[in-house]
Amino acid sequence: MTTKKVESVLTPREPHFVGDGFRVHNFIPSVRGLDMQRMSPFIMMDYNSKFYFPPSKEPKGVGVHPHRGFETVTIAYKGKVAHHDSSGGGGIIGEGDIQWMTAASGVLHKEYHEENFSKTGGEFQMVQLWVNLPAKDKMSTPKYQAIKNSEIERYQLENNGGEIEVIAGQYKNIEGMASTFTPINMLNAKIKSGAKADFSFPAHFNTCLLVIEGSVLVNGIENVPTDNFVLFSNEGEEFVVEAKEDSVVLILSGEPIDEPIAAHGPFVMNTRAELMEAFDDFNNGKFGHLAD
């Protein structure tokens with residue numbers, strides 16, 4: 001095994017609001033070097049860094065919007081989100097929970113601060129990822145995977161050094177419960193100050209990490225502070241993360257989907273014709289109905 005080297009350490013861009021409930025820094029695809037092809041199968045990453053929302057009588061969020069051709073993965077670190085879709089699905093994403101929504105052939109969706117969180121206000125911190133689907137699965141039936149934090153399998157680091165939450169894929173001998181269409185590893189590494197965790201992924205997998213809390217040292221060389229993003233080169237397999245203080249790190253590694261990407265707004269397909277069909281289907285009501 002050889003070391004997977006750091007290609008770049010990237011600071012967050014200026015934040016912008018999605019609706020009025022999500023104050024996000026976009027890393028993928030708007031940061032230079034993090035376009036959809038380079039990061040495939042991870043084609044979008046919005047990071048709502050820790051932000052205080054004051055109490056509100058009306059829940060803040062984003063109204064009805066469509067999706068087709070990919071999956072959305074919402075990881076809650078602080079605060080709570082409620083969501084509904086045009087197929088009748090919905091629920092609450094609590095702190096530490098994951099919502100893995102396969103939009104596939106198409107859904108209308110809305111998401112907003114959970115009612116009690118809105119009334120009390122508080123710190124809010126989330127990651128939303130878009131995970132691409134291969135062409136053969138883009139028009140499959142939509143589905144949800146609601147993963148409670150208590151259900152996530154964990155690997156305990158030695159010497160009480162913390163734990164690795166395995167959302168998808170594998171870490172050591174622990175497998176994540178999320179089902180994926182292509183090989184994906186998604187891990188929350190919760191590492192105590194001074195402790196280390198080692199990771200190994202195939203060289204050709206696109207691999208990155210985001211420091212959610214604390215600060216870390218990668219491969220004994222790269223200092224990475226809170227809210228910064230690390231892109232690894234596509235050579236070598238192994239890397240080490242050492243926590244300089246108690247830290248939480250989101251680690252992503254996935255096999256690239258070697259297919260054309262045609263993306264516009266909420267649709268990610270393979271061709272321009274498929275994009276036009278998606279807009280036509282949406283405009284003709286084929287995504288169902290969902291009240292604002």
# chains A, B, ... in the order shown; residues from 1 in each chain; ligands from 1

call {"tool": "residues_around", "arguments": {"residues": "Ala262 in chain A", "least_positions_apart": "6", "cutoff": "9 Å", "atoms": "only C-alpha atoms", "output": "JSON list (two decimals) with all heavy atoms, in the first residue's frame"}}
result
[["chain", "number", "residue", "atom", "x", "y", "z"],
["A", 268, "VAL", "N", -29.94, 16.10, -13.26],
["A", 268, "VAL", "CA", -28.62, 15.63, -13.67],
["A", 268, "VAL", "C", -28.81, 14.36, -14.50],
["A", 268, "VAL", "O", -29.15, 13.31, -13.97],
["A", 268, "VAL", "CB", -27.71, 15.35, -12.47],
["A", 268, "VAL", "CG1", -26.31, 14.92, -12.95],
["A", 268, "VAL", "CG2", -27.60, 16.57, -11.57],
["A", 269, "MET", "N", -28.61, 14.52, -15.81],
["A", 269, "MET", "CA", -28.81, 13.41, -16.73],
["A", 269, "MET", "C", -27.52, 13.16, -17.52],
["A", 269, "MET", "O", -26.46, 13.65, -17.15],
["A", 269, "MET", "CB", -29.99, 13.71, -17.67],
["A", 269, "MET", "CG", -31.30, 14.08, -16.94],
["A", 269, "MET", "SD", -31.88, 12.83, -15.76],
["A", 269, "MET", "CE", -32.36, 11.51, -16.90],
["A", 270, "ASN", "N", -27.62, 12.40, -18.62],
["A", 270, "ASN", "CA", -26.44, 12.09, -19.43],
["A", 270, "ASN", "C", -26.39, 12.88, -20.74],
["A", 270, "ASN", "O", -25.32, 13.04, -21.32],
["A", 270, "ASN", "CB", -26.38, 10.59, -19.74],
["A", 270, "ASN", "CG", -26.24, 9.75, -18.49],
["A", 270, "ASN", "OD1", -27.18, 9.10, -18.05],
["A", 270, "ASN", "ND2", -25.06, 9.77, -17.88],
["A", 271, "THR", "N", -27.56, 13.35, -21.21],
["A", 271, "THR", "CA", -27.60, 14.07, -22.48],
["A", 271, "THR", "C", -28.50, 15.29, -22.37],
["A", 271, "THR", "O", -29.38, 15.36, -21.50],
["A", 271, "THR", "CB", -28.15, 13.17, -23.61],
["A", 271, "THR", "OG1", -29.53, 12.87, -23.35],
["A", 271, "THR", "CG2", -27.36, 11.87, -23.72],
["A", 272, "ARG", "N", -28.31, 16.23, -23.28],
["A", 272, "ARG", "CA", -29.16, 17.41, -23.34],
["A", 272, "ARG", "C", -30.62, 17.01, -23.61],
["A", 272, "ARG", "O", -31.55, 17.60, -23.04],
["A", 272, "ARG", "CB", -28.66, 18.36, -24.42],
["A", 272, "ARG", "CG", -29.51, 19.60, -24.59],
["A", 272, "ARG", "CD", -28.90, 20.57, -25.60],
["A", 272, "ARG", "NE", -29.83, 21.63, -25.96],
["A", 272, "ARG", "CZ", -30.10, 22.68, -25.20],
["A", 272, "ARG", "NH1", -29.49, 22.82, -24.03],
["A", 272, "ARG", "NH2", -30.96, 23.61, -25.59],
["A", 274, "GLU", "N", -32.17, 14.35, -22.67],
["A", 274, "GLU", "CA", -32.76, 13.85, -21.42],
["A", 274, "GLU", "C", -33.09, 15.01, -20.47],
["A", 274, "GLU", "O", -34.09, 14.96, -19.74],
["A", 274, "GLU", "CB", -31.81, 12.86, -20.74],
["A", 274, "GLU", "CG", -31.68, 11.54, -21.48],
["A", 274, "GLU", "CD", -30.55, 10.68, -20.95],
["A", 274, "GLU", "OE1", -29.68, 11.20, -20.22],
["A", 274, "GLU", "OE2", -30.54, 9.48, -21.29],
["A", 275, "LEU", "N", -32.25, 16.04, -20.49],
["A", 275, "LEU", "CA", -32.55, 17.22, -19.68],
["A", 275, "LEU", "C", -33.83, 17.89, -20.15],
["A", 275, "LEU", "O", -34.69, 18.26, -19.33],
["A", 275, "LEU", "CB", -31.40, 18.24, -19.78],
["A", 275, "LEU", "CG", -30.21, 18.10, -18.85],
["A", 275, "LEU", "CD1", -29.24, 19.24, -19.11],
["A", 275, "LEU", "CD2", -30.63, 18.08, -17.39]]

call {"tool": "select_by_dssp", "arguments": {"residues": "range 75-290 of chain A", "states": "alpha helix (DSSP H)", "output": "list in words"}}
result
Glu115, Asn116, Phe117, Ser118, Lys119, Thr120, Arg272, Ala273, Glu274, Leu275, Met276, Glu277, Ala278, Phe279, Asp280, Asp281, Phe282 and Asn283 of chain A

call {"tool": "write_last_selection", "arguments": {"atoms": "N, CA and C atoms", "output": "compact mmCIF listing (two decimals), in the first residue's frame"}}
result
# COMPACT_ATOMS: atom_id res chain seq x y z
N GLU A 115 -40.37 22.09 13.25
CA GLU A 115 -41.23 23.08 13.92
C GLU A 115 -40.69 23.52 15.27
N ASN A 116 -40.33 22.58 16.14
CA ASN A 116 -39.87 22.95 17.47
C ASN A 116 -38.51 23.66 17.42
N PHE A 117 -37.64 23.22 16.50
CA PHE A 117 -36.36 23.90 16.34
C PHE A 117 -36.60 25.34 15.90
N SER A 118 -37.55 25.54 14.99
CA SER A 118 -37.88 26.90 14.53
C SER A 118 -38.32 27.79 15.68
N LYS A 119 -39.14 27.25 16.56
CA LYS A 119 -39.68 28.04 17.67
C LYS A 119 -38.61 28.45 18.67
N THR A 120 -37.66 27.55 18.90
CA THR A 120 -36.63 27.83 19.91
C THR A 120 -35.39 28.47 19.30
N ARG A 272 -28.31 16.23 -23.28
CA ARG A 272 -29.16 17.41 -23.34
C ARG A 272 -30.62 17.01 -23.61
N ALA A 273 -30.83 16.01 -24.46
CA ALA A 273 -32.20 15.57 -24.77
C ALA A 273 -32.90 15.06 -23.52
N GLU A 274 -32.17 14.35 -22.67
CA GLU A 274 -32.76 13.85 -21.42
C GLU A 274 -33.09 15.01 -20.47
N LEU A 275 -32.25 16.04 -20.49
CA LEU A 275 -32.55 17.22 -19.68
C LEU A 275 -33.83 17.89 -20.15
N MET A 276 -33.98 18.04 -21.46
CA MET A 276 -35.18 18.66 -22.01
C MET A 276 -36.41 17.84 -21.67
N GLU A 277 -36.26 16.52 -21.71
CA GLU A 277 -37.38 15.65 -21.34
C GLU A 277 -37.74 15.83 -19.87
N ALA A 278 -36.75 15.99 -19.01
CA ALA A 278 -37.00 16.19 -17.58
C ALA A 278 -37.80 17.48 -17.35
N PHE A 279 -37.39 18.56 -18.02
CA PHE A 279 -38.14 19.82 -17.89
C PHE A 279 -39.56 19.68 -18.42
N ASP A 280 -39.71 18.98 -19.55
CA ASP A 280 -41.06 18.76 -20.10
C ASP A 280 -41.92 17.96 -19.13
N ASP A 281 -41.36 16.90 -18.58
CA ASP A 281 -42.12 16.06 -17.64
C ASP A 281 -42.52 16.86 -16.40
N PHE A 282 -41.59 17.68 -15.91
CA PHE A 282 -41.89 18.51 -14.75
C PHE A 282 -43.01 19.50 -15.07
N ASN A 283 -42.88 20.17 -16.21
CA ASN A 283 -43.90 21.17 -16.60
C ASN A 283 -45.25 20.55 -16.89

call {"tool": "closest_residue", "arguments": {"among": "A:Ala168, A:Leu209, A:Asp46, A:Met101", "to": "Pro15 in chain A", "atoms": "only C-alpha atoms"}}
result
A:Asp46

call {"tool": "residues_around", "arguments": {"residues": "Ala103 in chain A", "least_positions_apart": "6", "cutoff": "8 Å", "atoms": "only C-alpha atoms", "output": "NGL selection string"}}
result
:A and (67-72 or 141-143)

call {"tool": "residues_around", "arguments": {"residues": "Gly90 in chain A", "least_positions_apart": "5", "cutoff": "12 Å", "atoms": "only C-alpha atoms", "output": "list in words"}}
result
Val81, Ala82, His83, His84, Asp85, Gln99, Trp100, Met101, Val107, Leu108, His109, Lys110, Glu111, Tyr112, Glu114, Lys143, Tyr144, Gln145, Ala146 and Leu290 of chain A

call {"tool": "closest_residue", "arguments": {"among": "A:Ile257, A:Ile251, A:Gln125, A:Ser193", "to": "Asp137 in chain A", "atoms": "only C-alpha atoms"}}
result
A:Ile257

call {"tool": "closest_residue", "arguments": {"among": "A:Asn26, A:Glu237, A:Gln170, A:Pro225", "to": "His204 in chain A", "atoms": "only C-alpha atoms"}}
result
A:Glu237

call {"tool": "residues_around", "arguments": {"residues": "Glu245 in chain A", "least_positions_apart": "3", "cutoff": "8 Å", "atoms": "only C-alpha atoms", "output": "PyMOL selection string"}}
result
chain A and resi 192-194+214-216

call {"tool": "residues_around", "arguments": {"residues": "Gly94 in chain A", "least_positions_apart": "6", "cutoff": "7 Å", "atoms": "only C-alpha atoms", "output": "PDB file with N, CA and C atoms, in the first residue's frame"}}
result
ATOM      1  N   ALA A  76     -27.191  15.619   9.210  1.00  0.00           N
ATOM      2  CA  ALA A  76     -27.484  16.644  10.216  1.00  0.00           C
ATOM      3  C   ALA A  76     -26.455  16.574  11.349  1.00  0.00           C
ATOM      4  N   GLY A  79     -29.181  20.930  14.839  1.00  0.00           N
ATOM      5  CA  GLY A  79     -30.506  21.329  14.401  1.00  0.00           C
ATOM      6  C   GLY A  79     -31.294  20.167  13.821  1.00  0.00           C
ATOM      7  N   LYS A  80     -32.515  20.459  13.381  1.00  0.00           N
ATOM      8  CA  LYS A  80     -33.401  19.432  12.839  1.00  0.00           C
ATOM      9  C   LYS A  80     -34.096  19.955  11.588  1.00  0.00           C
ATOM     10  N   VAL A  81     -34.293  19.049  10.620  1.00  0.00           N
ATOM     11  CA  VAL A  81     -34.949  19.397   9.362  1.00  0.00           C
ATOM     12  C   VAL A  81     -36.148  18.488   9.157  1.00  0.00           C
TER      13      VAL A  81
END

call {"tool": "select_by_dssp", "arguments": {"residues": "range 26-186 of chain A", "states": "strand (DSSP E or B)", "output": "ChimeraX atom specification"}}
result
/A:26-28,42-53,61-68,70-78,81-85,90-93,98-102,107-113,122-132,143-147,153-156,162-168,170-171,174-175,184-186

call {"tool": "residues_around", "arguments": {"residues": "Ile147 in chain A", "least_positions_apart": "6", "cutoff": "9 Å", "atoms": "only C-alpha atoms", "output": "JSON, numbers by chain"}}
result
{"A": [93, 97, 98, 99, 100, 167, 177, 178]}

call {"tool": "closest_residue", "arguments": {"among": "A:Val249, A:Ile184, A:Val224, A:Val73", "to": "Ile212 in chain A", "atoms": "only C-alpha atoms"}}
result
A:Val249

call {"tool": "atom_distance", "arguments": {"atom1": "CA of Gly96 in chain A", "atom2": "CA of Lys50 in chain A"}}
result
14.1 Å

call {"tool": "atom_distance", "arguments": {"atom1": "CA of Leu250 in chain A", "atom2": "CA of Lys138 in chain A"}}
result
26.0 Å

call {"tool": "closest_atom_pairs", "arguments": {"of": "range 112-211 of chain A", "to": "range 239-244 of chain A", "cutoff": "9 Å", "atoms": "only C-alpha atoms", "output": "CSV"}}
result
residue,atom,partner,partner_atom,distance
A:Ile191,CA,A:Ala243,CA,6.0
A:Lys192,CA,A:Ala243,CA,6.2
A:Ser193,CA,A:Ala243,CA,5.0
A:Gly194,CA,A:Ala243,CA,5.4
A:Ala195,CA,A:Glu242,CA,5.8
A:Lys196,CA,A:Glu242,CA,4.2
A:Ala197,CA,A:Val241,CA,5.4
A:Asp198,CA,A:Val240,CA,4.4
A:Phe199,CA,A:Phe239,CA,5.5
A:Ser200,CA,A:Phe239,CA,6.6
A:Phe201,CA,A:Phe239,CA,8.9

call {"tool": "closest_residue", "arguments": {"among": "A:Pro29, A:Glu222, A:Leu10, A:Thr182", "to": "Pro134 in chain A", "atoms": "only C-alpha atoms"}}
result
A:Thr182

call {"tool": "closest_residue", "arguments": {"among": "A:Leu210, A:His113, A:Arg32, A:Phe181", "to": "Lys60 in chain A", "atoms": "only C-alpha atoms"}}
result
A:His113
